[in-house]
Each structure stands twice: as C-alpha cells, then as structure tokens.
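**Q** One structure, pasted below without further comment.
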Amino acid sequence: MTLAKTLCRAAIGVEAPLVTVETHLANGLPSISIVGLPEKAVQESRDRVRCALQNSGFEVPKRRITVHLAPADLPKQGSRFDLAIALGILVASGQLPHTQLDQLELYGELALSGELRPVNGILPAALAAQRAKHHLALHPDNLAEAGLAGTINLYPTPHLLNLSAHLGGRTPITPRILPPPTPTNQQQPDLMDVRGQTHAKRALEIAAAGRHNLLMIGPPGTGKSMLANRLPSLLPQMSHTEALETAAITSIAGQPLDLNRWRQRPFRAPHHTCSGVALVGGGSNPKPGEISLAHNGVLFLDELPEYDNRVLDVLREPLENGTITIARATRSAEYPARFQIIAAMNPCRDGYYGDGSDRCRCTPDQIQQYQNRISGPLRDRIDLQIQVPALNQDDLFGKTPKGETSASVRARVQNAWQHQLNRQGCSNALLAGDALEAHCVLRPSDQQLLAEAIDKLGLSARAYHRILRMARSIADLAEQAHIQSAHLTEAIGYRRLDRR
C-alpha cells in the first residue's frame with residue numbers, strides 16, 4: 001500500500017475543522033514534502049517525524065513522500081499534525097496495518113526520540129470529535145482537558161511506540177472516558193472585607209444581577225479595586241455550556257486551565273500598558289485577547305484613563321456585538337467576547353479632586369482633559385457610573401458594623417438571574433428590540449420622569465435603553481414583576497457622567 005489516510009483537526013478560531021492527512025509514496029529521490037497550506041511549524045514536522053521514526057526503530061522509506069493536509073485551502077499551524085503524519089508514513093510503507101484509523105484522530109508533537117508532547121487547543125478538537133463520534137489518541141497531559149468534551153474514547157499515548165504497538169495488535173491501549181471534573185469551592189475575597197461604601201456595594205450588586213458594565217470614580221484608597229476583585233464572589237457559576245466555551249478559548253490561547261475552577265467565571269485584569277492586540281487579540285496567526293479570555297466573565301480595567309485611547313476604543317464594537325473578528329491578509333478568526341466591564345479611575349491626575357481636601361492641584365482644564373481620555377461612545381456603553389468617596393474615620397477604624405457577606409448577596413443575585421432566564425432566556429444587559437419593550441414597560445408617570453431626565457442630562461438612545469435595563473435588574477433584585485418609580489429613579493442616578 002502506497003497511500004494512507006489519517007485524521008487530525010486544524011484550529012481556526014474556536015472551530016476545529018477536520019483535516020485528512022493523506023500520505024503517498026512514489027518513486028524518486030528520497031524526500032518528504034508537505035502540502036496543503038502549512039505554516040512554518042507544520043513544514044518543520046518533516047524533520048521531527050524523520051528523526052522520531054528512526055530513533056523509534058522504524059524505517060523511513062527511501063522514496064518520495066508527499067503528505068497532503070486536506071482541505072488544501074484551510075490554513076494549518078502548530079505541531080499537532082506530527083503524530084498523524086508519522087502514522088501515515090508507517091501505514092503507507094506497510095510497517096503498520098491501516099485498520100482502526102478510520103475513526104481515530106491523532107494529536108501530538110513528536111520529540112526527536114519518538115516521545116509525544118502535549119499540544120494546545122485540544123478541547124475544541126475533542127468537542128468536534130465527540131460530535132463526529134471519533135476517538136482521540138493524544139499525550140496523557142492532554143487527557144484531562146479532552147475529558148471535558150464528555151463521552152469520548154481517549155487513548156493515552158506517551159510514545160510513538162505505544163500507539164504503533166496498539167495498532168499492530170501487540171499491546172492494546174485501554175481507552176479512557178473521563179467524566180468532567182467536579183469543581184471545588186475555592187476561597188474568594190469576601191465583600192464583607194470592604195469597609196463602608198454602601199452605595200458602591202449596591203451598584204456592584206446591580207451590576208452582578210444584570211451583567212451590567214460598571215465604572216467607579218474616586219480618590220486613591222477608597223476601595224475601588226477591592227470592590228472589583230470581589231465581584232466574582234457574587235456571580236453564580238457558569239453553566240456547562242458556558243464553561244466549555246470559556247475553557248475552549250483558554251485552551252486555544254495556550255493558557256493553563258485549572259480544572260478545579262473551570263466552572264468559575266473568568267476575571268481578567270490586564271495592566272493599563274497593554275496593547276490593542278493584547279486586549280482584543282491578533283497576531284499573524286490570530287489568537288484570542290483579554291476580552292475573549294474574559295468571555296462569560298469580567299474584564300477589570302483599573303486606572304481607566306491611563307489606557308491608550310485607541311486601545312479603549314477597540315472595546316466599543318465587542319461590547320455591542322459580543323464577538324470580535326480578527327482579520328488578516330491571509331486568514332481571519334472570530335472569537336466570542338461576551339464580557340462584563342468593571343472599570344475604576346481617579347477623578348483627576350492628582351486623584352483628589354472633589355474629596356473635600358486641598359490636595360488636588362489640578363486646574364479645571366487639566367481635570368476635564370483627564371476625564372476626556374475616556375471617549376463619549378465608550379462612556380455611553382457603561383451602564384453604571386458611580387462616585388466612590390473617601391472613607392470616613394468610623395468606617396476606617398471599624399467602628400461601624402460590617403456589611404453583608406458575598407454569600408448573602410450572591411443568593412439575591414442568583415435569584416435575580418433565575419427570574420431573567422425564566423422570563424426572557426438571557427440577562428437583562430442583553431435585552432434588545434421587542435424583548436426590551438415587552439419586559440421594561442413603564443407607567444405614564446415614569447415615562448414622563450424618564451423623558452425629563454433625557455432632556456436634562458442629554459441622554460443618547462443607547463443610554464436610555466441602558467437605564468431601562470438597569471431598572472429591570474433593580475426590579476428583579478426586589479422580586480417585582482414590573483418596574484416601579486423607585487427602580488427607575490435609582491437607575492437614572494447611576495448615570496453620573498451624563499450630568500451636565
């Protein structure tokens with residue numbers, strides 16, 4: 001037999017299209033050619049495969065070897081195809097039987113000794129293989145991640161010789177089916193640790209209840225970062241589907257996947273010096289950025305005005321669409337980016353404007369220039385905009401009672417989430433169109449109140465809709481079927497940056 005076919009999968013965004021590795025032996029000068037739009041790492045696999053076969057005791061055919069990665073117009077990158085190419089050469093040269101390969105997908109980078117190394121992006125491939133009812137042969141270190149896909153046979157393969165002995169019928173490998181791991185309860189920072197700031201805690205609860213974006217403005221040391229870091233303790237665990245989506249993005253990005261916390265919502269906090277590519281993703285081989293790694297979770301932007309304006313403005317489209325498309329000359333990739341922004345900033349460069357002291361030395365023009373670093377369209381997309389004042393001495397020295405624990409607030413948030421899912425099937429932050437009109441009905445007096453607010457504050461249509469969504473979340477926290485005047489008034493009060 002001079003033709004063999006093995007199976008693998010490429011990585012295109014969060015998709016894993018099937019790749020058939022066709023290997024053909026022909027007469028001619030000994031060589032290995034790889035075709036089918038391979039990038040540099042794939043082209044180099046011919047040298048890794050040749051050395052791995054020789055050091056494992058196999059014969060590299062002294063013939064012209066052509067390896068075709070089909071379909072030919074699909075970009076192939078990475079070292080994941082090494083094992084499939086090596087098995088194709090062995091089967092085409094008759095050193096291994098061709099049976100058992102029709103439903104077996106092969107993944108792994110080959111060391112020159114023939115040992116296998118784990119590869120990134122296994123979870124999307126395992127999910128696609130599970131839907132196709134295929135089996136997987138891969139490095140043991142990839143087993144736990146692939147096991148998240150559910151009922152799929154996994155063949156742990158630490159060395160090329162192990163798989164060849166299995167296919168030859170000498171030493172069968174027992175397939176394994178790993179159940180998804182049970183998440184463990186990890187200790188998280190508790191909201192009770194934050195002294196005072198009752199108003200900010202209330203805004204944080206509303207943000208958690210409706211998946212709303214939140215901006216906190218206040219002097220240094222008022223607890224803005226502490227509040228943001230405690231938001232994950234208020235959020236319910238992800239559903240199984242959400243957890244798989246987020247884990248797949250983490251896998252593609254090559255980030256470590258903590259299986260003990262894989263159902264916890266991600267919390268990403270990039271430094272303000274990060275680039276636009278680091279934030280939204282990119283590169284010649286498009287990779288997910290921070291906004292995709294925060295999918296189904298929280299993106300915390302501390303010192304918001306210190307970010308480059310162009311970096312912040314790239315967030316505008318993902319905030320509306322929930323996806324980010326990274327287009328390059330030769331390829332493009334689309335990643336999900338349904339995240340919740342929590343941001344913090346000082347009111348001025350010195351940080352003390354409006355705190356009642358004389359420590360701020362900024363001029364009015366400097367204050368306005370500092371606050372204008374956040375563009376109007378981005379401000380418009382942040383639902384809650386609140387002031388976080390300096391702590392008084394009673395709060396600072398612990399003379400006032402401690403606030404609620406995260407567990408008690410999370411119970412209300414979970415209840416509000418359940419109301420939203422039962423009513424509209426999504427969070428209030430995603431309400432739009434007919435659903436927004438159907439579930440955010442106002443009484444005539446409240447319509448007049450909102451009309452006056454729009455006139456006085458100069459609200460945009462987007463801000464109007466965000467106020468309605470916030471009011472709906474406040475009503476859900478109060479377990480009210482309809483929006484009341486108190487809910488609407490509170491929602492309007494959270495649009496601080498709209499005040500003239």
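Each chain of the structure tokens is named A, B, ... in the order shown, its residues numbered from 1; ligands are numbered from 1 in display order.
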I want to know what sits within 10 Å of region 231-240 of chain A, based on only C-alpha atoms, with residues of the same chain fewer than 5 positions away left out; could you give that as JSON, numbers by chain?
**A** {"A": [148, 180, 183, 186, 187, 188, 189, 190, 191, 201, 204, 205, 207, 208, 209, 211, 226, 245, 246, 261, 262, 263, 264, 265, 266, 267, 296, 297, 298, 300, 342, 405, 406, 407, 408, 409, 410, 411, 412, 413, 414, 415, 417]}
**Q** Which residues, written as a ChimeraX atom specification, have at least one atom at most 8 Å from Arg349 (chain A), with only C-alpha atoms counted and residues fewer than 4 positions away on the same chain left out?
**A** /A:362,366-367,370
**Q** If we count only C-alpha atoms and set the cut-off at 10 Å, which residues sit around region 56-73 of chain A, ignoring sequence neighbours fewer than 6 positions away in its own chain? Please answer as JSON, numbers by chain.
**A** {"A": [2, 3, 4, 5, 6, 7, 8, 9, 10, 17, 18, 19, 20, 21, 22, 23, 24, 25, 26, 27, 28, 29, 30, 31, 32, 33, 34, 35, 36, 37, 38, 46, 49, 50, 81, 85, 86, 88, 89, 90, 92, 93, 95, 112, 113, 114, 115, 159, 160, 161]}
**Q** Give me a file of those residues, with C-alpha atoms, as a compact mmCIF listing (two decimals), in the first residue's frame.
**A**
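File produced: out_5.txt:
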# COMPACT_ATOMS: atom_id res chain seq x y z
CA THR A 2 1.45 3.36 -1.02
CA LEU A 3 -1.41 5.61 0.13
CA ALA A 4 -2.62 6.11 3.69
CA LYS A 5 -5.11 8.43 5.38
CA THR A 6 -5.06 9.58 8.99
CA LEU A 7 -7.17 12.15 10.79
CA CYS A 8 -6.44 15.32 12.75
CA ARG A 9 -8.06 18.75 13.14
CA ALA A 10 -6.93 22.30 12.50
CA PRO A 17 -12.38 21.59 11.17
CA LEU A 18 -11.40 18.04 10.26
CA VAL A 19 -8.12 17.58 8.36
CA THR A 20 -7.40 14.40 6.42
CA VAL A 21 -3.66 13.69 6.32
CA GLU A 22 -3.04 11.86 3.03
CA THR A 23 0.38 10.23 2.67
CA HIS A 24 1.63 8.89 -0.67
CA LEU A 25 4.87 7.08 -1.52
CA ALA A 26 6.27 7.37 -5.05
CA ASN A 27 9.49 6.57 -6.85
CA GLY A 28 12.08 9.31 -6.94
CA LEU A 29 14.73 10.92 -4.79
CA PRO A 30 14.10 10.37 -1.06
CA SER A 31 12.27 13.39 0.35
CA ILE A 32 9.28 14.43 2.44
CA SER A 33 7.05 17.18 1.05
CA ILE A 34 4.09 18.65 2.97
CA VAL A 35 1.40 20.48 1.00
CA GLY A 36 -1.98 21.89 1.92
CA LEU A 37 -1.23 25.43 3.15
CA PRO A 38 1.11 24.50 6.04
CA ARG A 46 9.09 16.52 8.30
CA VAL A 49 8.96 12.96 12.06
CA ARG A 50 12.02 11.56 10.25
CA PHE A 81 -0.04 17.13 12.98
CA ILE A 85 2.00 12.40 9.61
CA ALA A 86 4.23 9.79 11.26
CA GLY A 88 0.57 7.95 7.75
CA ILE A 89 4.14 7.18 6.66
CA LEU A 90 4.19 3.94 8.65
CA ALA A 92 1.71 3.79 3.63
CA SER A 93 5.02 1.90 3.82
CA GLN A 95 5.02 -1.10 8.62
CA LEU A 112 13.23 13.52 18.13
CA SER A 113 13.26 10.44 20.38
CA GLY A 114 9.73 9.48 19.38
CA GLU A 115 8.14 10.68 22.59
CA HIS A 159 5.42 7.50 22.85
CA LEU A 160 5.09 6.67 19.19
CA LEU A 161 5.93 3.05 20.03
**Q** Excluding same-chain residues fewer than 3 positions from Glu490 (chain A), what lies within 9 Å of it counting only C-alpha atoms, as a list in words?
**A**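 Selected residues are Met470, Ala471, Ile474, Ser485, Ala486, His487, Gly493 and Tyr494 of chain A.
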**Q** If we count only C-alpha atoms and set the cut-off at 12 Å, which residues sit around His439 (chain A), ignoring sequence neighbours fewer than 2 positions away in its own chain? Please answer as a VMD selection string.
**A** chain A and resid 419 to 420 423 to 428 431 to 437 441 to 442 465 468 to 473 475 to 476 480 to 483
**Q** Next, the residues of the selection above should be written as a tab-separated table (two decimals), in the first residue's frame with C-alpha atoms.
**A**
chain	number	residue	atom	x	y	z
A	419	HIS	CA	-36.04	35.49	37.09
A	420	GLN	CA	-34.31	36.75	33.94
A	423	ARG	CA	-38.72	35.45	31.67
A	424	GLN	CA	-36.54	36.15	28.61
A	425	GLY	CA	-33.82	33.49	28.45
A	426	CYS	CA	-30.91	35.94	28.79
A	427	SER	CA	-29.50	38.53	31.15
A	428	ASN	CA	-31.05	41.99	31.31
A	431	LEU	CA	-32.30	42.79	26.27
A	432	ALA	CA	-32.95	44.49	22.94
A	433	GLY	CA	-35.69	45.22	20.43
A	434	ASP	CA	-39.11	43.77	21.11
A	435	ALA	CA	-37.91	41.95	24.23
A	436	LEU	CA	-36.75	45.24	25.76
A	437	GLU	CA	-40.11	46.85	25.09
A	441	VAL	CA	-42.79	48.64	30.41
A	442	LEU	CA	-43.10	51.96	32.25
A	465	HIS	CA	-32.03	51.70	26.81
A	468	LEU	CA	-34.36	50.63	31.25
A	469	ARG	CA	-32.21	47.51	31.57
A	470	MET	CA	-30.79	48.69	34.90
A	471	ALA	CA	-34.27	49.44	36.22
A	472	ARG	CA	-35.32	45.94	35.18
A	473	SER	CA	-32.40	44.45	37.15
A	475	ALA	CA	-36.83	45.31	40.00
A	476	ASP	CA	-35.61	41.70	39.73
A	480	GLN	CA	-41.02	42.82	41.45
A	481	ALA	CA	-42.76	41.80	38.24
A	482	HIS	CA	-42.94	45.40	36.98
A	483	ILE	CA	-40.59	48.38	37.09
**Q** Counting only C-alpha atoms, which residue out of A:Ala128, A:Pro219, A:Ala451, A:Leu227 sits closest to Thr198 (chain A)?
**A**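 So, comparing all the options, the nearest one is A:Leu227.
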**Q** Between A:Asn321, A:Leu301, A:Met216, A:Asn309, which one has atoms that come closest to Ile341 (chain A), using only C-alpha atoms?
**A** A:Leu301
**Q** Counting only C-alpha atoms, what is within 7 Å of Ile291 (chain A), bar same-chain residues fewer than 2 positions away, as a list in words?
**A**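 So the residues in contact are Leu279, Val280, Gly289, Leu293, Ala294, His295, Leu299, Ala337 and Phe339 of chain A.
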**Q** Which is closest to Pro172 (chain A) among A:Arg80, A:Ala111, A:Asp383, A:Gln100, if we use only C-alpha atoms?
**A** A:Gln100
**Q** Mind the document's chain letters and residue numbers, and return as a ChimeraX atom specification the residues of region 121-318 of chain A that DSSP labels strand (DSSP E or B).
**A** /A:135-138,154-156,159,176,214-217,267-268,281-282,287-288,298-301
**Q** If you count only C-alpha atoms, which residues fall within 12 Å of Glu303 (chain A), apart from same-chain ones fewer than 2 positions away, as a ChimeraX atom specification?
**A** /A:215-220,224-225,269-273,300-301,305-308,312,342-349,351,370-371,373-374
**Q** Filtering to C-alpha atoms, could you give me those residues as a PDB file, in the first residue's frame?
**A**
ATOM      1  CA  LEU A 215     -17.369  52.452  36.267  1.00  0.00           C
ATOM      2  CA  MET A 216     -16.193  53.562  39.722  1.00  0.00           C
ATOM      3  CA  ILE A 217     -14.739  57.074  40.114  1.00  0.00           C
ATOM      4  CA  GLY A 218     -12.999  58.133  43.292  1.00  0.00           C
ATOM      5  CA  PRO A 219      -9.759  59.157  45.012  1.00  0.00           C
ATOM      6  CA  PRO A 220      -6.992  56.620  45.640  1.00  0.00           C
ATOM      7  CA  LYS A 224     -12.421  50.578  44.069  1.00  0.00           C
ATOM      8  CA  SER A 225     -10.035  47.711  43.303  1.00  0.00           C
ATOM      9  CA  ALA A 269      -7.293  42.361  34.834  1.00  0.00           C
ATOM     10  CA  PRO A 270      -4.778  43.483  32.156  1.00  0.00           C
ATOM     11  CA  HIS A 271      -2.321  46.252  33.012  1.00  0.00           C
ATOM     12  CA  HIS A 272      -3.015  49.677  31.563  1.00  0.00           C
ATOM     13  CA  THR A 273       0.116  49.430  29.377  1.00  0.00           C
ATOM     14  CA  PHE A 300     -11.431  44.692  35.084  1.00  0.00           C
ATOM     15  CA  LEU A 301      -9.755  47.849  33.780  1.00  0.00           C
ATOM     16  CA  PRO A 305      -7.771  56.931  31.715  1.00  0.00           C
ATOM     17  CA  GLU A 306      -4.189  55.618  31.708  1.00  0.00           C
ATOM     18  CA  TYR A 307      -5.019  53.216  28.867  1.00  0.00           C
ATOM     19  CA  ASP A 308      -4.246  54.434  25.373  1.00  0.00           C
ATOM     20  CA  LEU A 312     -10.017  51.597  24.799  1.00  0.00           C
ATOM     21  CA  ILE A 342     -15.724  46.768  35.621  1.00  0.00           C
ATOM     22  CA  ALA A 343     -13.544  49.875  35.473  1.00  0.00           C
ATOM     23  CA  ALA A 344     -12.005  52.216  38.023  1.00  0.00           C
ATOM     24  CA  MET A 345     -10.486  55.666  37.709  1.00  0.00           C
ATOM     25  CA  ASN A 346      -9.411  58.689  39.700  1.00  0.00           C
ATOM     26  CA  PRO A 347     -11.312  61.954  39.148  1.00  0.00           C
ATOM     27  CA  CYS A 348      -8.122  63.757  38.072  1.00  0.00           C
ATOM     28  CA  ARG A 349      -4.383  63.270  37.599  1.00  0.00           C
ATOM     29  CA  GLY A 351      -6.571  61.826  42.238  1.00  0.00           C
ATOM     30  CA  TYR A 370      -8.023  63.840  32.184  1.00  0.00           C
ATOM     31  CA  GLN A 371     -11.671  62.772  32.247  1.00  0.00           C
ATOM     32  CA  ARG A 373      -9.458  60.484  27.900  1.00  0.00           C
ATOM     33  CA  ILE A 374     -12.474  58.188  28.012  1.00  0.00           C
TER      34      ILE A 374
END
**Q** Wanna dump the region 221-317 of chain A-region 119-126 of chain A contacts at 8 Å for me, each residue with its shortest atom pair and the distance in Å to one decimal, counting only C-alpha atoms, ordered by chain and number, as JSON lines?
**A**
{"residue": "A:Ala247", "atom": "CA", "partner": "A:Leu123", "partner_atom": "CA", "distance": 7.6}
{"residue": "A:Ala248", "atom": "CA", "partner": "A:Leu123", "partner_atom": "CA", "distance": 5.6}
{"residue": "A:Ser251", "atom": "CA", "partner": "A:Gly121", "partner_atom": "CA", "distance": 4.7}
{"residue": "A:Ile252", "atom": "CA", "partner": "A:Gly121", "partner_atom": "CA", "distance": 4.2}
{"residue": "A:Ala253", "atom": "CA", "partner": "A:Gly121", "partner_atom": "CA", "distance": 7.4}
{"residue": "A:Gly254", "atom": "CA", "partner": "A:Asn120", "partner_atom": "CA", "distance": 5.5}
**Q** Got a sec to tell me which of region 198-366 of chain A DSSP assigns to alpha helix (DSSP H), as a ChimeraX atom specification?
**A** /A:198-210,224-229,240-252,276-280,290-293,309-313,316-321,364-366
**Q** If you keep C-alpha atoms, can you produce a file of those selected residues as a CSV table (one decimal), in the first residue's frame?
**A**
chain,number,residue,atom,x,y,z
A,198,THR,CA,-22.7,51.1,50.9
A,199,HIS,CA,-23.6,52.9,47.7
A,200,ALA,CA,-20.8,51.3,45.7
A,201,LYS,CA,-21.7,47.8,47.1
A,202,ARG,CA,-25.3,48.3,45.9
A,203,ALA,CA,-24.1,49.3,42.5
A,204,LEU,CA,-21.8,46.2,42.4
A,205,GLU,CA,-24.8,44.0,43.3
A,206,ILE,CA,-26.9,45.5,40.5
A,207,ALA,CA,-24.0,45.0,38.0
A,208,ALA,CA,-23.8,41.4,39.1
A,209,ALA,CA,-27.5,40.9,38.9
A,210,GLY,CA,-28.0,42.1,35.3
A,224,LYS,CA,-12.4,50.6,44.1
A,225,SER,CA,-10.0,47.7,43.3
A,226,MET,CA,-11.2,45.8,46.4
A,227,LEU,CA,-14.8,46.0,45.2
A,228,ALA,CA,-13.9,44.9,41.7
A,229,ASN,CA,-11.9,41.9,42.9
A,240,HIS,CA,-21.9,23.6,31.5
A,241,THR,CA,-22.2,25.2,28.0
A,242,GLU,CA,-20.7,28.5,29.1
A,243,ALA,CA,-17.9,26.7,30.9
A,244,LEU,CA,-17.0,24.7,27.8
A,245,GLU,CA,-17.0,27.9,25.7
A,246,THR,CA,-14.6,29.7,28.1
A,247,ALA,CA,-12.4,26.7,28.6
A,248,ALA,CA,-12.1,26.3,24.8
A,249,ILE,CA,-10.8,29.8,24.4
A,250,THR,CA,-8.3,29.3,27.3
A,251,SER,CA,-7.1,26.2,25.6
A,252,ILE,CA,-6.6,27.9,22.2
A,276,GLY,CA,-4.7,46.8,21.5
A,277,VAL,CA,-3.6,43.4,20.1
A,278,ALA,CA,-3.2,42.1,23.7
A,279,LEU,CA,-6.7,43.3,24.6
A,280,VAL,CA,-8.7,42.2,21.6
A,290,GLU,CA,-8.1,39.5,27.0
A,291,ILE,CA,-11.7,40.3,26.0
A,292,SER,CA,-12.2,36.8,24.7
A,293,LEU,CA,-10.4,35.2,27.7
A,309,ASN,CA,-7.3,56.0,23.8
A,310,ARG,CA,-7.1,53.8,20.7
A,311,VAL,CA,-6.8,50.7,22.9
A,312,LEU,CA,-10.0,51.6,24.8
A,313,ASP,CA,-12.0,52.4,21.7
A,316,ARG,CA,-16.8,49.5,21.6
A,317,GLU,CA,-17.8,47.0,18.9
A,318,PRO,CA,-17.3,43.9,21.1
A,319,LEU,CA,-19.4,45.4,23.9
A,320,GLU,CA,-22.3,45.7,21.5
A,321,ASN,CA,-21.8,42.5,19.4
A,364,PRO,CA,-10.2,72.8,35.7
A,365,ASP,CA,-8.8,72.3,32.2
A,366,GLN,CA,-6.5,69.6,33.4
**Q** I need the residue nearest Pro75 (chain A) from this list: A:Lys399, A:Arg381, A:Lys40, A:His139. Use only C-alpha atoms for the distance.
**A** A:Lys40
**Q** Go through A:Arg117, A:Arg359, A:His134, A:Arg195 one by one, measure the shortest atom-to-atom distance of each to Thr400 (chain A) using only C-alpha atoms, and give the residue with the smallest value.
**A**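 Checking each candidate against Thr400 (chain A), we get A:Arg195 as the closest.
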